[in-house]
Amino acid sequence: MISIPGFIPGKRKRSSRGRVLKTMIVSYMLILLLPMTVGLLLYGRVENVMENNVERSNSAMLEQLRLSMDSKLKEVDILAKQIMFNPKLAHLLNLDRQDPAGAYRQVEFVRDYLNRYQSFVSGFVKDYYVHLQAGDVILKPGMRTDARTFYDKYYRFEHMEFETWKRTLLGSYHNKAFLPSNVLLQDPNQANGNPADVITYAQSLPFHEVSNIRGTLVIMIDGQQLQEMFRQIESANDSEIYILDKEQGVIASSSGSELSLQVTEKLAGPSGLFKTTLNGTDSMITFTESKEAGWHYVSVMPMDSVMERVSQLKRMALTVLVVSLVAGAAIACWFAYRQYSPVKRVVDAILQGKPVQDKPAANEYDFILQTIEGSLVEQRHLRERLFRQTPVIRADFLSRLIRGYIDPEHAGDHGGPSLATMGIHFASDKFAVIIVQAVNITRLSPEPSEQDWTQIRFIISNIGTDIANSGHQGFAVDLERDRVAILINFHPVEEVETGLFLHEIAERLLRVLEDRFHISVTIAVSSVHTGNGTIGSAYLEAMAALDYRMFSGRNSIIHFGHVRDIKHHYYYPIEFETQLVNHVRSGDTENVAKLLDNIYSMNFNSSGMTPELGRCLFFNIISTFLKILNLTNTDHESLLGPSFDPVKHIFGCSTSDEMHTETKRLYEKLSRLFHTEHSDHSIQLQQDLMVFIDRNLTDYNLGLGMIADHFGMTPQYISSFFKKMNQCNITDYITRARIEKAKTLMEQSELTNAQLAQLVGYTNDVVFIRAFKKLEGVTPGKYRVSASGH
């Protein structure tokens with residue numbers, strides 16, 4: 001083999017040793033200098049990076065404050081709704097102040113409701129009370145008194161007289177109004193008055209009246225908790241925090257001061273950041289808006305505190321760069337030596353026992369290159385020997401090719417055998433696979449040995465390829481002891497001819513094996529595939545068809561196209577119809593359109609949909625449309641126009657896309673009609689109820705109590721509201737939804753009654769069977785029999 005004198009002791013050119021090591025050290029040093037140079041460039045941008053980090057930090061903490069406050073404001077909103085929409089309160093507001101039983105009813109309301117609502121709120125709500133103008137009465141948990149006594153003995157604002165308090169808070173109209181933070185004396189008769197900071201929430205009663213105000217709901221929010229949140233942010237970035245209402249008035253602040261007009265004028269958009277000068281100091285202003293209450297959360301941070309940290313970081317970055325440069329140089333030398341060691345060992349290994357040649361090498365890599373060139377000569381000799389083993393390699397190659405383990409288009413890319421080296425040339429890109437399973441060979445050999453099976457596979461392979469090659473190309477592969485696959489490659493012909501020829505090959509092969517060799521077989525045939533990469537798919541189809549041999553028996557031909565499942569139905573379950581009705585009646589045009597698009601996509605974008613089934617689907621959807629019209633007594637002519645027949649209109653369309661577009665248009669008109677008839681609150685609550693019921697349908701505990709607890713409302717209110725919006729009580733709706741879901745599961749699977757009961761939210765099958773029979777008139781078993789048509 002090859003060697004170089006420079007690597008042999010006593011020879012000349014000893015200086016060539018170590019050249020690679022020197023080159024590596026220089027290379028690593030150059031590589032080290034590149035990131036160090038980039039680091040120096042980044043060093044100059046530390047200030048911008050720090051400012052950006054501070055901006056992101058301020059925004060993140062302000063957003064965290066907003067999210068925390070939004071969650072607590074939701075608690076206030078839920079408490080307000082519980083009290084505002086309480087039917088007992090509505091009755092108290094309408095009482096005549098001369099009614100002798102009014103005082104008793106007020107005490108009863110405090111006992112039964114206001115006291116109980118205390119368990120629903122956290123420490124964020126400090127207290128709450130209701131003022132009734134009839135009688136000038138204050139009702140709060142555990143108390144009924146008049147307004148004057150309440151102001152003098154219990155709660156009084158530090159800088160607000162009684163008349164001002166009564167006029168501004170109790171006598172004016174408020175709609176979910178938040179008053180600025182103020183000092184509340186919780187015990188006015190004491191020396192210090194036990195002061196506390198509170199933010200006051202006021203809502204005039206009744207909720208929907210503006211002029212005829214008969215009472216006021218007041219909820220006092222603990223300002224101390226808000227100040228705790230402010231202190232957490234102040235300690236992190238030395239900033240001042242402000243909360244502004246919709247009119248840019250300060251509700252609460254960490255400093256107790258007002259915010260400059262030059263700042264409030266720039267608070268535009270849901271969130272943002274800008275810089276300005278306040279009181280001679282450059283400041284960074286960060287703000288975000290709450291969708292819950294329309295508040296703005298504003299952070300005012302002096303830039304001096306930011307720049308102090310920037311200077312510290314710059315000094316630290318410079319120190320790190322210097323230390324990194326020194327340490328990197330040492331590590332580069334160490335790594336170069338480590339990387340050179342394998343090269344040295346390779347050279348030493350090659351030199352051991354190798355003959356020395358006169359041709360010198362420039363360095364270690366040159367020496368290794370000369371050695372590899374010598375090895376390539378030996379490789380060519382090895383390939384010549386391997387060429388004689390081509391038949392065996394070809395058989396293995398075809399076996400992996402037919403199973404889809406090799407992509408014909410990339411065969412040979414990674415050093416493996418290619419189609420040309422295997423002597424394989426495809427005439428076209430159309431392929432099919434035939435699998436022949438030997439079922440019975442006892443007539444040929446009563447007790448077949450391994451040699452007999454080898455002979456059987458040889459017979460099947462040769463006869464199959466001969467028949468295939470009579471018109472196209474065939475390649476046989478032994479799969480198992482009793483199984484042979486034949487890859488058919490068609491010459492360029494029409495697609496109809498390929499199918500006929502494929503069936504002809506299978507029939508001729510079946511007859512020859514049975515008549516001449518007395519071999520009983522089952523033949524599985526795939527469909528014709530186009531593309532070199534689809535051979536594996538054709539093989540899988542043939543294997544899938546072969547699984548049906550237990551039904552077809554021996555001496556049979558099974559085509560994959562005859563055993564594929566074809567679904568002759570469309571998908572429009574009762575749950576979809578219920579959701580569609582609910583979305584329309586709530587005026588939710590967006591979700592109506594999405595649901596109709598979803599139904600259309602699930603049915604028309606999948607295989608197996610015929611025109612007849614498509615018309616049936618649209619007929620059902622229009623039937624739902626007519627059901628909504630009839631159920632709500634909507635005037636047909638005012639909505640659709642005179643003599644307009646929606647069924648004829650839809651079926652008059654020429655394409656399914658047109659039918660879908662017109663259906664959506666009709667539903668949109670109906671949804672918009674309902675949208676104008678419902679208030680925003682009722683619509684949202686109804687949507688939330690339906691979504692919650694559908695999502696928790698399988699929960700055993702689903703019922704009026706669980707729903708009321710989830711929404712923080714009384715069961716009586718939820719029940720009456722649901723019945724008003726849906727014309728049925730909530731229990732019947734849940735039962736009907738569960739039974740419809742069970743019917744759908746019956747059609748799709750063979751589940752037992754116990755399994756069905758568990759899947760639709762019943763504790764046992766007895767309760768499920770009783771409920772099913774009550775609604776459908778028959779037991780689940782009889783329904784299953786009638787539905788299957790047997």
# chains A, B, ... in the order shown; residues from 1 in each chain; ligands from 1
>>> select_by_dssp(residues="region 31-175 of chain A", states="helix (DSSP H, G or I)", output="PyMOL selection string")
chain A and resi 31-43+46-84+87-93+102-120+147-153+162-170
>>> residues_around(residues="Arg66 (chain A)", least_positions_apart="5", cutoff="10 Å", atoms="only C-alpha atoms", output="short mmCIF file (atom, residue, chain, number, x, y, z; two decimals) with N, CA, C and O atoms, in the first residue's frame")
data_model
loop_
_atom_site.label_atom_id
_atom_site.label_comp_id
_atom_site.auth_asym_id
_atom_site.auth_seq_id
_atom_site.Cartn_x
_atom_site.Cartn_y
_atom_site.Cartn_z
N ALA A 60 -45.88 43.04 29.72
CA ALA A 60 -46.29 41.75 30.27
C ALA A 60 -46.90 41.90 31.67
O ALA A 60 -47.93 41.31 31.98
N MET A 61 -46.23 42.71 32.53
CA MET A 61 -46.77 42.88 33.89
C MET A 61 -48.09 43.64 33.86
O MET A 61 -49.01 43.34 34.64
N SER A 71 -60.58 39.07 35.74
CA SER A 71 -61.19 37.93 36.42
C SER A 71 -61.94 38.36 37.67
O SER A 71 -63.01 37.83 37.99
N LYS A 72 -61.41 39.35 38.39
CA LYS A 72 -62.10 39.82 39.60
C LYS A 72 -63.32 40.65 39.23
O LYS A 72 -64.35 40.61 39.93
N ILE A 243 -55.20 53.41 36.87
CA ILE A 243 -56.36 52.77 36.24
C ILE A 243 -57.34 53.89 35.88
O ILE A 243 -57.78 54.64 36.76
N THR A 288 -52.64 49.42 28.40
CA THR A 288 -53.46 48.36 27.80
C THR A 288 -54.90 48.59 28.22
O THR A 288 -55.16 49.18 29.29
N GLU A 289 -55.82 48.15 27.39
CA GLU A 289 -57.25 48.38 27.63
C GLU A 289 -57.94 47.08 27.99
O GLU A 289 -57.67 46.04 27.40
N SER A 290 -58.86 47.14 28.94
CA SER A 290 -59.64 45.97 29.35
C SER A 290 -60.97 45.97 28.63
O SER A 290 -61.70 46.96 28.64
N LYS A 291 -61.26 44.86 27.97
CA LYS A 291 -62.56 44.73 27.31
C LYS A 291 -63.67 44.43 28.32
O LYS A 291 -64.85 44.58 28.01
N GLU A 292 -63.30 44.02 29.51
CA GLU A 292 -64.30 43.65 30.52
C GLU A 292 -65.04 44.88 31.03
O GLU A 292 -66.25 44.86 31.17
N TRP A 295 -61.66 49.77 30.96
CA TRP A 295 -60.63 50.52 31.68
C TRP A 295 -59.32 50.55 30.90
O TRP A 295 -59.04 49.65 30.11
N HIS A 296 -58.50 51.57 31.18
CA HIS A 296 -57.13 51.63 30.69
C HIS A 296 -56.19 51.43 31.88
O HIS A 296 -56.34 52.10 32.93
N TYR A 297 -55.24 50.53 31.73
CA TYR A 297 -54.21 50.31 32.74
C TYR A 297 -52.92 50.95 32.22
O TYR A 297 -52.42 50.58 31.14
#
>>> residues_around(residues="region 91-106 of chain A", least_positions_apart="3", cutoff="7 Å", atoms="only C-alpha atoms", output="ChimeraX atom specification")
/A:87-88,109-110,132,134-135,214-215
>>> residues_around(residues="Phe619 (chain A)", least_positions_apart="5", cutoff="10 Å", atoms="only C-alpha atoms", output="ChimeraX atom specification")
/A:613-614,624-625,646-647,650-651
>>> write_last_selection(atoms="all heavy atoms", output="JSON list (two decimals), in the first residue's frame")
[["chain", "number", "residue", "atom", "x", "y", "z"],
["A", 613, "LEU", "N", -78.80, 11.60, -2.66],
["A", 613, "LEU", "CA", -78.53, 11.83, -1.24],
["A", 613, "LEU", "C", -78.29, 13.31, -0.96],
["A", 613, "LEU", "O", -78.66, 13.82, 0.09],
["A", 613, "LEU", "CB", -77.30, 11.01, -0.80],
["A", 613, "LEU", "CG", -77.52, 9.50, -0.66],
["A", 613, "LEU", "CD1", -76.21, 8.82, -0.29],
["A", 613, "LEU", "CD2", -78.56, 9.21, 0.40],
["A", 614, "GLY", "N", -77.63, 14.00, -1.92],
["A", 614, "GLY", "CA", -77.41, 15.42, -1.74],
["A", 614, "GLY", "C", -78.72, 16.19, -1.66],
["A", 614, "GLY", "O", -78.88, 17.08, -0.83],
["A", 624, "THR", "N", -85.58, 21.95, 8.51],
["A", 624, "THR", "CA", -85.22, 22.60, 9.78],
["A", 624, "THR", "C", -85.55, 24.09, 9.71],
["A", 624, "THR", "O", -86.05, 24.67, 10.68],
["A", 624, "THR", "CB", -83.73, 22.40, 10.06],
["A", 624, "THR", "OG1", -83.42, 20.99, 10.06],
["A", 624, "THR", "CG2", -83.34, 23.00, 11.40],
["A", 625, "PHE", "N", -85.29, 24.70, 8.58],
["A", 625, "PHE", "CA", -85.60, 26.12, 8.38],
["A", 625, "PHE", "C", -87.10, 26.37, 8.55],
["A", 625, "PHE", "O", -87.53, 27.31, 9.24],
["A", 625, "PHE", "CB", -85.13, 26.52, 6.97],
["A", 625, "PHE", "CG", -85.43, 27.95, 6.60],
["A", 625, "PHE", "CD1", -84.56, 28.98, 6.95],
["A", 625, "PHE", "CD2", -86.59, 28.28, 5.92],
["A", 625, "PHE", "CE1", -84.83, 30.29, 6.61],
["A", 625, "PHE", "CE2", -86.87, 29.58, 5.58],
["A", 625, "PHE", "CZ", -85.99, 30.59, 5.92],
["A", 646, "PRO", "N", -89.46, 28.15, -0.32],
["A", 646, "PRO", "CA", -88.02, 27.89, -0.16],
["A", 646, "PRO", "C", -87.60, 26.53, -0.71],
["A", 646, "PRO", "O", -86.50, 26.38, -1.21],
["A", 646, "PRO", "CB", -87.80, 27.98, 1.37],
["A", 646, "PRO", "CG", -89.15, 27.79, 1.97],
["A", 646, "PRO", "CD", -90.13, 28.33, 0.99],
["A", 647, "VAL", "N", -88.47, 25.52, -0.63],
["A", 647, "VAL", "CA", -88.12, 24.19, -1.13],
["A", 647, "VAL", "C", -87.94, 24.24, -2.65],
["A", 647, "VAL", "O", -86.95, 23.76, -3.21],
["A", 647, "VAL", "CB", -89.17, 23.16, -0.72],
["A", 647, "VAL", "CG1", -88.83, 21.79, -1.30],
["A", 647, "VAL", "CG2", -89.29, 23.08, 0.79],
["A", 650, "ILE", "N", -84.71, 26.19, -3.58],
["A", 650, "ILE", "CA", -83.45, 25.47, -3.41],
["A", 650, "ILE", "C", -83.29, 24.40, -4.47],
["A", 650, "ILE", "O", -82.22, 24.25, -5.08],
["A", 650, "ILE", "CB", -83.38, 24.85, -2.00],
["A", 650, "ILE", "CG1", -83.32, 25.95, -0.94],
["A", 650, "ILE", "CG2", -82.16, 23.94, -1.86],
["A", 650, "ILE", "CD1", -82.14, 26.88, -1.07],
["A", 651, "PHE", "N", -84.35, 23.62, -4.74],
["A", 651, "PHE", "CA", -84.24, 22.55, -5.73],
["A", 651, "PHE", "C", -84.24, 23.07, -7.16],
["A", 651, "PHE", "O", -84.02, 22.29, -8.10],
["A", 651, "PHE", "CB", -85.36, 21.54, -5.54],
["A", 651, "PHE", "CG", -85.13, 20.62, -4.37],
["A", 651, "PHE", "CD1", -85.72, 20.89, -3.15],
["A", 651, "PHE", "CD2", -84.30, 19.53, -4.49],
["A", 651, "PHE", "CE1", -85.50, 20.06, -2.07],
["A", 651, "PHE", "CE2", -84.08, 18.70, -3.42],
["A", 651, "PHE", "CZ", -84.68, 18.96, -2.19]]
>>> residues_around(residues="Ser682 (chain A)", least_positions_apart="4", cutoff="9 Å", atoms="only C-alpha atoms", output="number ranges by chain")
A: 586, 678, 686-687, 721, 725
>>> atom_distance(atom1="CA of Lys176 (chain A)", atom2="CA of Gln203 (chain A)")
5.1 Å
>>> select_by_dssp(residues="region 128-371 of chain A", states="strand (DSSP E or B)", output="count of residues only")
76
>>> atom_distance(atom1="CA of Val521 (chain A)", atom2="CA of Asp478 (chain A)")
14.9 Å
>>> residues_around(residues="Gln186 (chain A)", least_positions_apart="2", cutoff="9 Å", atoms="only C-alpha atoms", output="ChimeraX atom specification")
/A:153-157,184,188,193-196
>>> write_last_selection(atoms="N, CA, C and O atoms", output="mmCIF file, in the first residue's frame")
data_model
loop_
_atom_site.group_PDB
_atom_site.id
_atom_site.type_symbol
_atom_site.label_atom_id
_atom_site.label_comp_id
_atom_site.auth_asym_id
_atom_site.auth_seq_id
_atom_site.Cartn_x
_atom_site.Cartn_y
_atom_site.Cartn_z
ATOM 1 N N LYS A 153 -73.883 55.643 60.792
ATOM 2 C CA LYS A 153 -73.366 54.618 61.707
ATOM 3 C C LYS A 153 -72.512 53.544 61.052
ATOM 4 O O LYS A 153 -71.752 52.864 61.746
ATOM 5 N N TYR A 154 -72.654 53.351 59.746
ATOM 6 C CA TYR A 154 -71.986 52.192 59.137
ATOM 7 C C TYR A 154 -70.947 52.594 58.082
ATOM 8 O O TYR A 154 -69.761 52.360 58.270
ATOM 9 N N TYR A 155 -71.351 53.160 56.991
ATOM 10 C CA TYR A 155 -70.432 53.482 55.915
ATOM 11 C C TYR A 155 -70.592 54.959 55.538
ATOM 12 O O TYR A 155 -71.689 55.401 55.165
ATOM 13 N N ARG A 156 -69.479 55.691 55.569
ATOM 14 C CA ARG A 156 -69.518 57.095 55.172
ATOM 15 C C ARG A 156 -68.188 57.442 54.504
ATOM 16 O O ARG A 156 -67.117 57.094 55.020
ATOM 17 N N PHE A 157 -68.275 58.091 53.362
ATOM 18 C CA PHE A 157 -67.074 58.538 52.683
ATOM 19 C C PHE A 157 -66.476 59.727 53.433
ATOM 20 O O PHE A 157 -67.200 60.615 53.924
ATOM 21 N N LEU A 184 -63.277 55.237 52.730
ATOM 22 C CA LEU A 184 -64.558 54.894 53.338
ATOM 23 C C LEU A 184 -64.335 54.690 54.835
ATOM 24 O O LEU A 184 -63.487 53.893 55.255
ATOM 25 N N PRO A 188 -68.034 55.208 61.468
ATOM 26 C CA PRO A 188 -67.939 56.669 61.606
ATOM 27 C C PRO A 188 -67.983 57.153 63.043
ATOM 28 O O PRO A 188 -67.491 58.235 63.357
ATOM 29 N N GLY A 193 -62.478 56.153 62.765
ATOM 30 C CA GLY A 193 -63.458 55.769 61.742
ATOM 31 C C GLY A 193 -63.143 54.493 60.999
ATOM 32 O O GLY A 193 -63.889 54.079 60.114
ATOM 33 N N ASN A 194 -62.009 53.825 61.326
ATOM 34 C CA ASN A 194 -61.618 52.579 60.630
ATOM 35 C C ASN A 194 -61.657 52.786 59.115
ATOM 36 O O ASN A 194 -62.463 52.201 58.403
ATOM 37 N N PRO A 195 -60.764 53.634 58.561
ATOM 38 C CA PRO A 195 -60.835 53.962 57.125
ATOM 39 C C PRO A 195 -60.356 52.800 56.243
ATOM 40 O O PRO A 195 -59.566 51.967 56.667
ATOM 41 N N ALA A 196 -60.867 52.776 55.025
ATOM 42 C CA ALA A 196 -60.459 51.777 54.026
ATOM 43 C C ALA A 196 -60.660 52.376 52.644
ATOM 44 O O ALA A 196 -61.633 53.102 52.398
#
>>> closest_residue(among="A:Ala268, A:Met84, A:Val263, A:Leu185", to="Lys246 (chain A)", atoms="only C-alpha atoms")
A:Ala268
>>> closest_residue(among="A:Leu617, A:Leu666, A:Ile434, A:Val347", to="Gly641 (chain A)", atoms="only C-alpha atoms")
A:Leu666
>>> decode(residues="region 126-137 of chain A", atoms="all heavy atoms", output="compact mmCIF listing (two decimals), in the first residue's frame")
# COMPACT_ATOMS: atom_id res chain seq x y z
N LYS A 126 -65.65 43.95 48.96
CA LYS A 126 -65.62 44.25 50.40
C LYS A 126 -67.01 44.17 51.00
O LYS A 126 -67.22 43.58 52.05
CB LYS A 126 -65.02 45.64 50.61
CG LYS A 126 -64.67 45.94 52.05
CD LYS A 126 -63.86 47.21 52.15
CE LYS A 126 -63.32 47.38 53.55
NZ LYS A 126 -62.37 46.32 53.91
N ASP A 127 -68.00 44.74 50.34
CA ASP A 127 -69.38 44.66 50.81
C ASP A 127 -70.29 45.13 49.69
O ASP A 127 -69.83 45.69 48.68
CB ASP A 127 -69.55 45.53 52.06
CG ASP A 127 -70.72 45.02 52.93
OD1 ASP A 127 -71.47 44.15 52.44
OD2 ASP A 127 -70.87 45.49 54.07
N TYR A 128 -71.58 44.97 49.88
CA TYR A 128 -72.55 45.41 48.89
C TYR A 128 -73.88 45.68 49.59
O TYR A 128 -74.17 45.13 50.66
CB TYR A 128 -72.72 44.37 47.78
CG TYR A 128 -73.07 42.99 48.27
CD1 TYR A 128 -74.40 42.58 48.41
CD2 TYR A 128 -72.08 42.08 48.59
CE1 TYR A 128 -74.70 41.32 48.86
CE2 TYR A 128 -72.37 40.81 49.05
CZ TYR A 128 -73.70 40.44 49.18
OH TYR A 128 -74.02 39.18 49.61
N TYR A 129 -74.68 46.57 48.98
CA TYR A 129 -76.00 46.88 49.55
C TYR A 129 -76.89 47.39 48.44
O TYR A 129 -76.44 47.78 47.35
CB TYR A 129 -75.90 47.88 50.68
CG TYR A 129 -75.26 49.20 50.33
CD1 TYR A 129 -76.01 50.26 49.82
CD2 TYR A 129 -73.90 49.41 50.53
CE1 TYR A 129 -75.43 51.47 49.51
CE2 TYR A 129 -73.30 50.61 50.22
CZ TYR A 129 -74.07 51.65 49.71
OH TYR A 129 -73.50 52.84 49.40
N VAL A 130 -78.22 47.36 48.70
CA VAL A 130 -79.25 47.80 47.75
C VAL A 130 -80.03 48.93 48.41
O VAL A 130 -80.47 48.80 49.57
CB VAL A 130 -80.19 46.65 47.38
CG1 VAL A 130 -81.28 47.15 46.45
CG2 VAL A 130 -79.40 45.53 46.70
N HIS A 131 -80.16 50.03 47.68
CA HIS A 131 -80.97 51.17 48.16
C HIS A 131 -82.31 51.15 47.44
O HIS A 131 -82.36 51.08 46.22
CB HIS A 131 -80.24 52.49 47.88
CG HIS A 131 -81.10 53.68 48.20
ND1 HIS A 131 -81.67 54.48 47.22
CD2 HIS A 131 -81.49 54.21 49.39
CE1 HIS A 131 -82.36 55.44 47.79
NE2 HIS A 131 -82.27 55.30 49.11
N LEU A 132 -83.40 51.15 48.20
CA LEU A 132 -84.75 51.20 47.67
C LEU A 132 -85.29 52.61 47.91
O LEU A 132 -85.38 53.06 49.08
CB LEU A 132 -85.64 50.16 48.33
CG LEU A 132 -85.16 48.70 48.25
CD1 LEU A 132 -86.12 47.80 49.00
CD2 LEU A 132 -85.04 48.26 46.81
N GLN A 133 -85.65 53.32 46.84
CA GLN A 133 -86.14 54.68 47.00
C GLN A 133 -87.50 54.71 47.70
O GLN A 133 -87.82 55.67 48.40
CB GLN A 133 -86.23 55.37 45.64
CG GLN A 133 -84.86 55.67 45.03
CD GLN A 133 -84.96 56.59 43.83
OE1 GLN A 133 -86.05 56.98 43.44
NE2 GLN A 133 -83.81 56.94 43.26
N ALA A 134 -88.27 53.65 47.51
CA ALA A 134 -89.55 53.55 48.22
C ALA A 134 -89.26 53.32 49.69
O ALA A 134 -88.89 52.22 50.09
CB ALA A 134 -90.40 52.43 47.64
N GLY A 135 -89.37 54.34 50.50
CA GLY A 135 -89.06 54.20 51.91
C GLY A 135 -87.65 54.60 52.26
O GLY A 135 -87.28 54.56 53.44
N ASP A 136 -86.81 54.91 51.26
CA ASP A 136 -85.40 55.31 51.51
C ASP A 136 -84.70 54.27 52.37
O ASP A 136 -84.13 54.56 53.42
CB ASP A 136 -85.37 56.68 52.17
CG ASP A 136 -83.97 57.30 52.06
OD1 ASP A 136 -83.20 56.86 51.18
OD2 ASP A 136 -83.67 58.22 52.84
N VAL A 137 -84.78 52.99 51.92
CA VAL A 137 -84.30 51.85 52.71
C VAL A 137 -83.00 51.34 52.13
O VAL A 137 -82.82 51.30 50.91
CB VAL A 137 -85.35 50.72 52.73
CG1 VAL A 137 -84.81 49.49 53.45
CG2 VAL A 137 -86.62 51.21 53.40
